[in-house]
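Notes for the one structure printed next.
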Amino acid sequence: MNNREALLRELRGQALQIRRNTWRALRAAGSGHMGGSLSAADLLAALYFHYLRLRPDEPDWPARDRFVLSKGHANTALGAVLAQAGFVDDSFIDTFYAFESLFGMHPDIKVPGVEMSTGGLGHGLSIALGMALGARLQGNGARTVVILGDGELQEGSNWEAAMAAAHLAPLSLTAIVDYNKVQQSGHVADMLGLEPLADKWRAFGWQVSELDGHDMEAIVDALDALPGTPGTPALLIAHTVKGKGTSFAEDTYLWHNNAVSEEVYEKAMAELGEPA
């Protein structure tokens, strides 16, 4: 096995564990947002275990890359990856939505490794833009990455930030759209369609790439190709499946947020299988 094959195997294993730990957290709380956490698991694995320059034992390292989870309802997946990466103890996962726990339905900036409390949809890109501008002023080489939900792109503040980012370039800013095509109440195309999504971002001055958000090799290649045009903000449109990995939760708004009994948890674990 060569180094690249070993890397991809490691990242796929981390993504699987993120999905398993997402369901583990949801079981602890009895409910929560699973659909968007499961669709983003492969992206998060590639970011945290390959691309982002971070120091879990020094979470406030000034030159660290910044990551913003704009779609804050996917916080169970973020909590899972923070535990797997060593920012927090593994027991953190079992405190999800518990009384006085910092691990709740949306990210809390008090948690090591969390750069911003998010969840009010439509604000993460503006926050990430500010971080990228700060890094440029400080000249520390830090990169900023933000994951956006497709449903939240129906909010106008995203487009104000997109316009500003292209205008204020050069800066190191990458946005990733978790394009699972399902939002809280239905399919995105039925609620308020986004297409032609790539053309819209290109019109705002961004360099745009599209990829399969569950193909780890494609994700790694897309991240490694950054920046395609130095100084120009980059957008990766990651085509994903809501609830990926558990058939009963895939491609349905019913599992955007739902109750999780022991029976549901065991069913999910049986479908996901054991980590390699």
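Letters A, B, ... mark the chains of the structure tokens in the order given; residue numbers begin at 1 per chain; ligand numbers begin at 1, in order shown.
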| Thr76 (chain A) environment, 12 Å, only C-alpha atoms, sequence neighbours closer than 2 positions dropped, as a VMD selection string | chain A and resid 18 to 29 31 to 41 44 69 71 to 74 78 to 83 92 to 97 102 to 108 257
Convert the current residue selection to file output with C-alpha atoms, as a CSV table (one decimal), in the first residue's frame.
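Okay, this is what ended up in selection_35.csv:
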```
chain,number,residue,atom,x,y,z
A,18,ILE,CA,-17.7,10.4,12.5
A,19,ARG,CA,-21.0,8.8,11.4
A,20,ARG,CA,-20.9,6.2,14.1
A,21,ASN,CA,-20.1,8.9,16.7
A,22,THR,CA,-22.8,11.1,15.3
A,23,TRP,CA,-25.4,8.4,16.1
A,24,ARG,CA,-23.7,7.8,19.5
A,25,ALA,CA,-24.2,11.5,20.4
A,26,LEU,CA,-27.8,11.5,19.2
A,27,ARG,CA,-28.6,8.4,21.2
A,28,ALA,CA,-27.2,10.2,24.3
A,29,ALA,CA,-29.6,13.1,23.7
A,31,SER,CA,-32.9,13.2,19.3
A,32,GLY,CA,-31.1,15.8,17.1
A,33,HIS,CA,-30.0,16.7,13.6
A,34,MET,CA,-28.5,13.7,11.8
A,35,GLY,CA,-29.2,14.2,8.1
A,36,GLY,CA,-26.8,17.1,7.6
A,37,SER,CA,-24.2,15.7,9.9
A,38,LEU,CA,-24.0,12.4,8.0
A,39,SER,CA,-23.8,14.1,4.6
A,40,ALA,CA,-20.8,16.2,5.8
A,41,ALA,CA,-18.8,13.4,7.4
A,44,LEU,CA,-15.0,16.9,7.7
A,69,LEU,CA,-19.4,25.3,10.3
A,71,LYS,CA,-24.7,24.9,8.9
A,72,GLY,CA,-24.5,24.7,12.7
A,73,HIS,CA,-27.2,22.1,13.0
A,74,ALA,CA,-24.5,19.6,11.9
A,78,LEU,CA,-18.3,18.6,14.4
A,79,GLY,CA,-18.3,17.3,18.0
A,80,ALA,CA,-17.4,13.8,16.7
A,81,VAL,CA,-14.5,15.1,14.7
A,82,LEU,CA,-13.2,17.3,17.5
A,83,ALA,CA,-13.1,14.3,19.8
A,92,PHE,CA,-17.6,14.6,25.2
A,93,ILE,CA,-19.6,12.7,22.6
A,94,ASP,CA,-21.9,11.2,25.3
A,95,THR,CA,-22.7,14.6,26.8
A,96,PHE,CA,-24.6,15.8,23.7
A,97,TYR,CA,-27.5,18.1,24.7
A,102,LEU,CA,-21.1,22.7,26.0
A,103,PHE,CA,-22.0,20.1,23.3
A,104,GLY,CA,-25.5,21.1,22.1
A,105,MET,CA,-27.5,21.4,19.0
A,106,HIS,CA,-25.2,24.1,17.6
A,107,PRO,CA,-21.5,24.9,18.0
A,108,ASP,CA,-20.4,26.7,21.1
A,257,ASN,CA,-34.0,16.1,12.8
```
| message | Set the distance at 12 Å and use only C-alpha atoms: which residues neighbour Leu133 (chain A) once local chain neighbours fewer than 5 positions away are removed? I'd like the list as a list in words. | response | Arg66, Ser126, Ile127, Ala128, Gln138, Gly139, Asn140, Gly141, Ala142, Arg143, Thr144, Ala164, Ala165, Ala166, His167, Leu168, Ala169, Pro170, Leu171, Ser172, Leu173, Gly231 and Pro233 of chain A
Can you write just those residues out, N, CA and C atoms, as a compact mmCIF listing (two decimals), in the first residue's frame?
```txt
# COMPACT_ATOMS: atom_id res chain seq x y z
N ARG A 66 -8.49 28.38 10.08
CA ARG A 66 -9.80 28.56 10.71
C ARG A 66 -10.86 27.76 9.96
N SER A 126 -20.00 35.22 6.09
CA SER A 126 -19.56 36.56 6.48
C SER A 126 -18.51 36.49 7.58
N ILE A 127 -18.74 35.58 8.55
CA ILE A 127 -17.78 35.40 9.64
C ILE A 127 -16.45 34.90 9.09
N ALA A 128 -16.51 33.91 8.21
CA ALA A 128 -15.29 33.35 7.62
C ALA A 128 -14.55 34.41 6.81
N GLN A 138 -2.69 40.10 9.29
CA GLN A 138 -1.65 39.62 10.20
C GLN A 138 -0.49 38.96 9.46
N GLY A 139 -0.74 38.55 8.22
CA GLY A 139 0.30 37.95 7.41
C GLY A 139 0.82 36.63 7.96
N ASN A 140 -0.06 35.87 8.61
CA ASN A 140 0.39 34.62 9.25
C ASN A 140 0.16 33.38 8.39
N GLY A 141 -0.36 33.55 7.20
CA GLY A 141 -0.55 32.42 6.29
C GLY A 141 -1.72 31.52 6.62
N ALA A 142 -2.54 31.89 7.61
CA ALA A 142 -3.69 31.06 7.98
C ALA A 142 -4.72 31.03 6.86
N ARG A 143 -5.31 29.85 6.65
CA ARG A 143 -6.36 29.68 5.65
C ARG A 143 -7.70 29.54 6.37
N THR A 144 -8.76 29.94 5.70
CA THR A 144 -10.09 29.86 6.29
C THR A 144 -11.00 29.02 5.40
N ALA A 164 -18.69 40.49 -1.49
CA ALA A 164 -17.62 41.19 -0.78
C ALA A 164 -16.30 40.43 -0.86
N ALA A 165 -16.37 39.09 -0.75
CA ALA A 165 -15.15 38.29 -0.76
C ALA A 165 -14.38 38.45 -2.07
N ALA A 166 -15.09 38.43 -3.19
CA ALA A 166 -14.42 38.60 -4.48
C ALA A 166 -13.86 40.01 -4.62
N HIS A 167 -14.58 40.99 -4.08
CA HIS A 167 -14.14 42.38 -4.16
C HIS A 167 -12.90 42.63 -3.30
N LEU A 168 -12.84 41.97 -2.13
CA LEU A 168 -11.77 42.22 -1.16
C LEU A 168 -10.56 41.32 -1.37
N ALA A 169 -10.59 40.44 -2.35
CA ALA A 169 -9.44 39.58 -2.64
C ALA A 169 -8.22 40.46 -2.94
N PRO A 170 -6.99 39.94 -2.69
CA PRO A 170 -6.66 38.53 -2.45
C PRO A 170 -6.79 38.12 -0.99
N LEU A 171 -7.29 36.94 -0.78
CA LEU A 171 -7.38 36.35 0.55
C LEU A 171 -7.50 34.84 0.41
N SER A 172 -7.20 34.13 1.49
CA SER A 172 -7.25 32.66 1.47
C SER A 172 -8.56 32.21 2.10
N LEU A 173 -9.58 32.05 1.27
CA LEU A 173 -10.91 31.69 1.73
C LEU A 173 -11.50 30.62 0.82
N GLY A 231 -5.31 33.92 -4.40
CA GLY A 231 -5.94 35.17 -4.01
C GLY A 231 -7.41 35.26 -4.30
N PRO A 233 -11.22 33.82 -3.98
CA PRO A 233 -11.96 32.88 -3.13
C PRO A 233 -12.43 31.68 -3.93
```
| remark: Residue with the minimum atom-to-atom distance to Phe204 (chain A), picked from A:Tyr48, A:Phe67, A:Trp159, A:Tyr253 with only C-alpha atoms counted, is A:Trp159
| message | Considering only alpha helix (DSSP H) as DSSP defines it on the backbone, what residues of region 159-233 of chain A qualify? List them as a count of residues only. | response | 31
| So which residues touch Gly113 (chain A) within 8 Å, counting only C-alpha atoms, skipping near sequence neighbours fewer than 5 positions away, as number ranges by chain? | A: 56, 59-60, 82, 87
| request: Can you check which residues of region 150-211 of chain A DSSP gives as strand (DSSP E or B) on the backbone and send them as a list in words? | output: Leu173, Thr174, Ala175, Ile176, Val177, Asp178, Tyr179, Val182, Gln183, Gly186, His187, Gln207, Val208, Ser209, Glu210 and Leu211 of chain A
| message | Just the number, please: distance in Å from CA of Ile109 (chain A) to CA of Asn75 (chain A), one decimal. | response |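 For CA of Ile109 (chain A) relative to CA of Asn75 (chain A), the distance reads 11.8 Å.
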